[in-house]
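Asker: So I've got this file, model.csv, and it contains CSV, C-alpha atoms:
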chain,number,residue,atom,x,y,z
A,1,MET,CA,-11.1,-17.9,-21.7
A,2,GLU,CA,-8.7,-15.5,-19.8
A,3,SER,CA,-10.0,-13.8,-16.8
A,4,PRO,CA,-9.7,-10.0,-16.8
A,5,ALA,CA,-6.6,-8.5,-15.3
A,6,ALA,CA,-7.1,-7.2,-11.8
A,7,PRO,CA,-7.1,-3.4,-11.5
A,8,THR,CA,-3.9,-1.8,-10.3
A,9,PRO,CA,-4.3,-0.3,-6.9
A,10,HIS,CA,-3.7,3.5,-6.6
A,11,ALA,CA,-0.4,4.5,-5.2
A,12,ASP,CA,0.4,7.8,-3.5
A,13,GLN,CA,4.1,7.2,-3.9
A,14,THR,CA,6.2,4.6,-5.8
A,15,VAL,CA,9.6,3.3,-4.6
A,16,ASP,CA,11.8,1.7,-7.2
A,17,ALA,CA,13.9,-0.9,-5.4
A,18,ARG,CA,14.6,-3.0,-8.5
A,19,ARG,CA,18.1,-4.5,-8.7
A,20,LEU,CA,18.6,-4.2,-4.9
A,21,LEU,CA,19.0,-7.2,-2.6
A,22,CYS,CA,17.5,-7.8,0.8
A,23,PRO,CA,17.2,-5.8,3.0
A,24,MET,CA,17.3,-2.8,0.8
A,25,PRO,CA,13.8,-2.9,-0.7
A,26,ILE,CA,12.3,-3.1,2.7
A,27,LEU,CA,14.5,-0.3,4.0
A,28,ARG,CA,13.6,1.9,1.1
A,29,ALA,CA,9.9,1.2,1.7
A,30,GLU,CA,10.3,2.0,5.4
A,31,THR,CA,11.9,5.3,4.6
A,32,ALA,CA,9.3,6.3,2.1
A,33,LEU,CA,6.4,5.4,4.4
A,34,ARG,CA,7.7,7.6,7.2
A,35,ALA,CA,7.0,10.6,5.1
A,36,LEU,CA,3.5,9.5,4.2
A,37,PRO,CA,0.3,10.0,6.3
A,38,PRO,CA,-1.5,7.0,7.8
A,39,GLY,CA,-3.8,5.5,5.1
A,40,ALA,CA,-1.5,6.4,2.2
A,41,THR,CA,-0.5,3.7,-0.3
A,42,LEU,CA,3.0,3.0,-1.3
A,43,ALA,CA,3.9,0.9,-4.4
A,44,LEU,CA,7.2,-1.0,-4.1
A,45,LEU,CA,9.0,-2.3,-7.2
A,46,ALA,CA,11.5,-5.1,-6.6
A,47,THR,CA,13.4,-7.8,-8.4
A,48,ASP,CA,14.7,-9.7,-5.3
A,49,PRO,CA,12.4,-12.8,-5.1
A,50,GLY,CA,12.8,-12.6,-1.3
A,51,ILE,CA,10.3,-9.8,-1.3
A,52,GLN,CA,7.5,-12.3,-1.5
A,53,HIS,CA,8.3,-13.4,2.0
A,54,ASP,CA,9.9,-10.2,3.4
A,55,LEU,CA,7.2,-7.7,2.5
A,56,PRO,CA,4.2,-9.5,4.0
A,57,ALA,CA,6.2,-10.2,7.2
A,58,TRP,CA,7.4,-6.6,7.5
A,59,CYS,CA,3.8,-5.3,7.0
A,60,GLN,CA,2.5,-7.5,9.7
A,61,ILE,CA,5.2,-6.7,12.2
A,62,ASN,CA,4.8,-2.9,11.6
A,63,GLY,CA,1.0,-2.6,11.4
A,64,HIS,CA,0.8,-1.9,7.7
A,65,ALA,CA,-1.7,-3.5,5.3
A,66,LEU,CA,-0.4,-5.4,2.2
A,67,LEU,CA,-3.1,-4.8,-0.5
A,68,GLU,CA,-1.4,-7.0,-3.0
A,69,LEU,CA,1.9,-8.4,-4.1
A,70,ARG,CA,1.9,-9.2,-7.8
A,71,GLN,CA,4.6,-10.8,-9.9
A,72,GLN,CA,5.1,-9.3,-13.3
A,73,GLY,CA,7.7,-11.3,-15.2
A,74,ARG,CA,10.9,-11.1,-13.1
A,75,GLU,CA,9.7,-8.1,-11.1
A,76,TRP,CA,7.4,-7.9,-8.1
A,77,VAL,CA,5.1,-5.0,-7.3
A,78,GLY,CA,3.7,-4.6,-3.8
A,79,TRP,CA,1.1,-2.1,-2.6
A,80,VAL,CA,1.3,-1.2,1.1
A,81,VAL,CA,-1.2,0.9,3.0
A,82,LYS,CA,0.5,2.7,5.9
A,83,GLY,CA,-1.0,1.9,9.3
A,84,GLY,CA,-1.9,4.4,11.9
So that I can check it, write out the structure of this file as structure tokens.
Answerer:
Amino acid sequence: MESPAAPTPHADQTVDARRLLCPMPILRAETALRALPPGATLALLATDPGIQHDLPAWCQINGHALLELRQQGREWVGWVVKGG
């Protein structure tokens, strides 16, 4: 029996960084988060598998919360809540 799919977190903004290599997905996320208020959620779409290590580390260093990082086929989707 399959478990139900986890609900998709709400995103205030989505950044499409697919087909970009490190460090571009993180740089695109950083630029987008600057324009958002604290507590806003950013969804980051990426195909670079390095995102699974880069995004959690970047969030921790910069005081953001990583809600989830989900692999969907060859793509990754990460939801980041901007810290205060």
Asker: List every residue of segment 13-57 of chain A that has an atom at most 7 Å from any atom of segment 76-80 of chain A, giving for each one its closest atom pair and the distance in Å to one decimal, counting all atoms listed in the file, sorted by chain and then by ascending residue number, as a Markdown table.
Answerer:
| residue | atom | partner | partner_atom | distance |
| --- | --- | --- | --- | --- |
| A:Thr41 | CA | A:Val80 | CA | 5.4 |
| A:Leu42 | CA | A:Val80 | CA | 5.1 |
| A:Ala43 | CA | A:Trp79 | CA | 4.5 |
| A:Leu44 | CA | A:Gly78 | CA | 5.0 |
| A:Leu45 | CA | A:Val77 | CA | 4.7 |
| A:Ala46 | CA | A:Trp76 | CA | 5.2 |
| A:Thr47 | CA | A:Trp76 | CA | 6.0 |
Asker: Could you tell me how far atom CA of Arg19 of chain A lies from atom CA of Pro38 of chain A, in Å and to one decimal?
Answerer: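 That distance, rounded to one decimal, is 28.1 Å.
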Asker: One decimal, in Å: what's the spacing between atom CA of Gln60 of chain A and atom CA of Gly83 of chain A?
Answerer: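 Between atom CA of Gln60 of chain A and atom CA of Gly83 of chain A the gap is 10.0 Å.
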Asker: To one decimal in Å, tell me the separation between atom CA of Ala11 of chain A and atom CA of Gln71 of chain A.
Answerer: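 Straight-line distance from atom CA of Ala11 of chain A to atom CA of Gln71 of chain A works out to 16.8 Å.
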Asker: Could you give me, as a Markdown table, a per-residue list for segment 56-77 of chain A showing, wherever an atom lies at most 12 Å from an atom of segment 5-10 of chain A, the closest pair of atoms and their distance in Å to one decimal, using only C-alpha atoms and sorting by chain then residue number from low to high?
Answerer:
| residue | atom | partner | partner_atom | distance |
| --- | --- | --- | --- | --- |
| A:Leu66 | CA | A:Pro9 | CA | 11.1 |
| A:Leu67 | CA | A:Pro9 | CA | 7.9 |
| A:Glu68 | CA | A:Pro9 | CA | 8.3 |
| A:Leu69 | CA | A:Pro9 | CA | 10.6 |
| A:Arg70 | CA | A:Thr8 | CA | 9.7 |
| A:Gln72 | CA | A:Ala5 | CA | 11.9 |
| A:Val77 | CA | A:Thr8 | CA | 10.0 |
Asker: Which residues come within 8 Å of Ile26 of chain A, counting all atoms listed in the file, excluding same-chain residues fewer than 5 positions away, as a PyMOL selection string?
Answerer: chain A and resi 54-55+58
Asker: Could you give me, as a count of residues only, the residues that sit within 8 Å of (2.3, 0.2, 13.8) in the file's coordinates, counting all atoms listed in the file?
Answerer: 6
Asker: Between A:Ala65, A:Lys82, A:Arg18, A:His53, which has the minimum distance to Glu30 of chain A (counting only C-alpha atoms)?
Answerer: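 Among the listed residues, the smallest separation from Glu30 of chain A belongs to A:Lys82.
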Asker: Kindly reconstruct segment 39-54 of chain A with N, CA and C atoms and present the result as a PDB file, in the coordinates of the input.
Answerer:
ATOM      1  N   GLY A  39      -2.794   5.698   6.136  1.00  0.00           N
ATOM      2  CA  GLY A  39      -3.800   5.500   5.100  1.00  0.00           C
ATOM      3  C   GLY A  39      -3.290   5.654   3.690  1.00  0.00           C
ATOM      4  N   ALA A  40      -2.097   6.231   3.543  1.00  0.00           N
ATOM      5  CA  ALA A  40      -1.500   6.400   2.200  1.00  0.00           C
ATOM      6  C   ALA A  40      -1.016   5.081   1.680  1.00  0.00           C
ATOM      7  N   THR A  41      -0.974   4.961   0.365  1.00  0.00           N
ATOM      8  CA  THR A  41      -0.500   3.700  -0.300  1.00  0.00           C
ATOM      9  C   THR A  41       0.793   3.895  -0.974  1.00  0.00           C
ATOM     10  N   LEU A  42       1.699   2.970  -0.710  1.00  0.00           N
ATOM     11  CA  LEU A  42       3.000   3.000  -1.300  1.00  0.00           C
ATOM     12  C   LEU A  42       3.112   1.765  -2.269  1.00  0.00           C
ATOM     13  N   ALA A  43       3.592   1.991  -3.472  1.00  0.00           N
ATOM     14  CA  ALA A  43       3.900   0.900  -4.400  1.00  0.00           C
ATOM     15  C   ALA A  43       5.389   0.650  -4.345  1.00  0.00           C
ATOM     16  N   LEU A  44       5.776  -0.600  -4.166  1.00  0.00           N
ATOM     17  CA  LEU A  44       7.200  -1.000  -4.100  1.00  0.00           C
ATOM     18  C   LEU A  44       7.513  -1.894  -5.257  1.00  0.00           C
ATOM     19  N   LEU A  45       8.483  -1.490  -6.061  1.00  0.00           N
ATOM     20  CA  LEU A  45       9.000  -2.300  -7.200  1.00  0.00           C
ATOM     21  C   LEU A  45      10.228  -2.996  -6.768  1.00  0.00           C
ATOM     22  N   ALA A  46      10.299  -4.303  -6.987  1.00  0.00           N
ATOM     23  CA  ALA A  46      11.500  -5.100  -6.600  1.00  0.00           C
ATOM     24  C   ALA A  46      11.740  -6.203  -7.534  1.00  0.00           C
ATOM     25  N   THR A  47      12.994  -6.618  -7.591  1.00  0.00           N
ATOM     26  CA  THR A  47      13.400  -7.800  -8.400  1.00  0.00           C
ATOM     27  C   THR A  47      13.886  -8.928  -7.507  1.00  0.00           C
ATOM     28  N   ASP A  48      14.177  -8.652  -6.250  1.00  0.00           N
ATOM     29  CA  ASP A  48      14.700  -9.700  -5.300  1.00  0.00           C
ATOM     30  C   ASP A  48      13.469 -10.593  -4.975  1.00  0.00           C
ATOM     31  N   PRO A  49      13.530 -11.884  -5.334  1.00  0.00           N
ATOM     32  CA  PRO A  49      12.400 -12.800  -5.100  1.00  0.00           C
ATOM     33  C   PRO A  49      12.094 -12.928  -3.576  1.00  0.00           C
ATOM     34  N   GLY A  50      13.033 -12.561  -2.725  1.00  0.00           N
ATOM     35  CA  GLY A  50      12.800 -12.600  -1.300  1.00  0.00           C
ATOM     36  C   GLY A  50      11.699 -11.674  -0.821  1.00  0.00           C
ATOM     37  N   ILE A  51      11.346 -10.724  -1.677  1.00  0.00           N
ATOM     38  CA  ILE A  51      10.300  -9.800  -1.300  1.00  0.00           C
ATOM     39  C   ILE A  51       8.975 -10.440  -1.065  1.00  0.00           C
ATOM     40  N   GLN A  52       8.757 -11.584  -1.720  1.00  0.00           N
ATOM     41  CA  GLN A  52       7.500 -12.300  -1.500  1.00  0.00           C
ATOM     42  C   GLN A  52       7.296 -12.793  -0.117  1.00  0.00           C
ATOM     43  N   HIS A  53       8.374 -12.958   0.626  1.00  0.00           N
ATOM     44  CA  HIS A  53       8.300 -13.400   2.000  1.00  0.00           C
ATOM     45  C   HIS A  53       8.535 -12.168   2.950  1.00  0.00           C
ATOM     46  N   ASP A  54       9.488 -11.313   2.563  1.00  0.00           N
ATOM     47  CA  ASP A  54       9.900 -10.200   3.400  1.00  0.00           C
ATOM     48  C   ASP A  54       8.786  -9.138   3.557  1.00  0.00           C
TER      49      ASP A  54
END
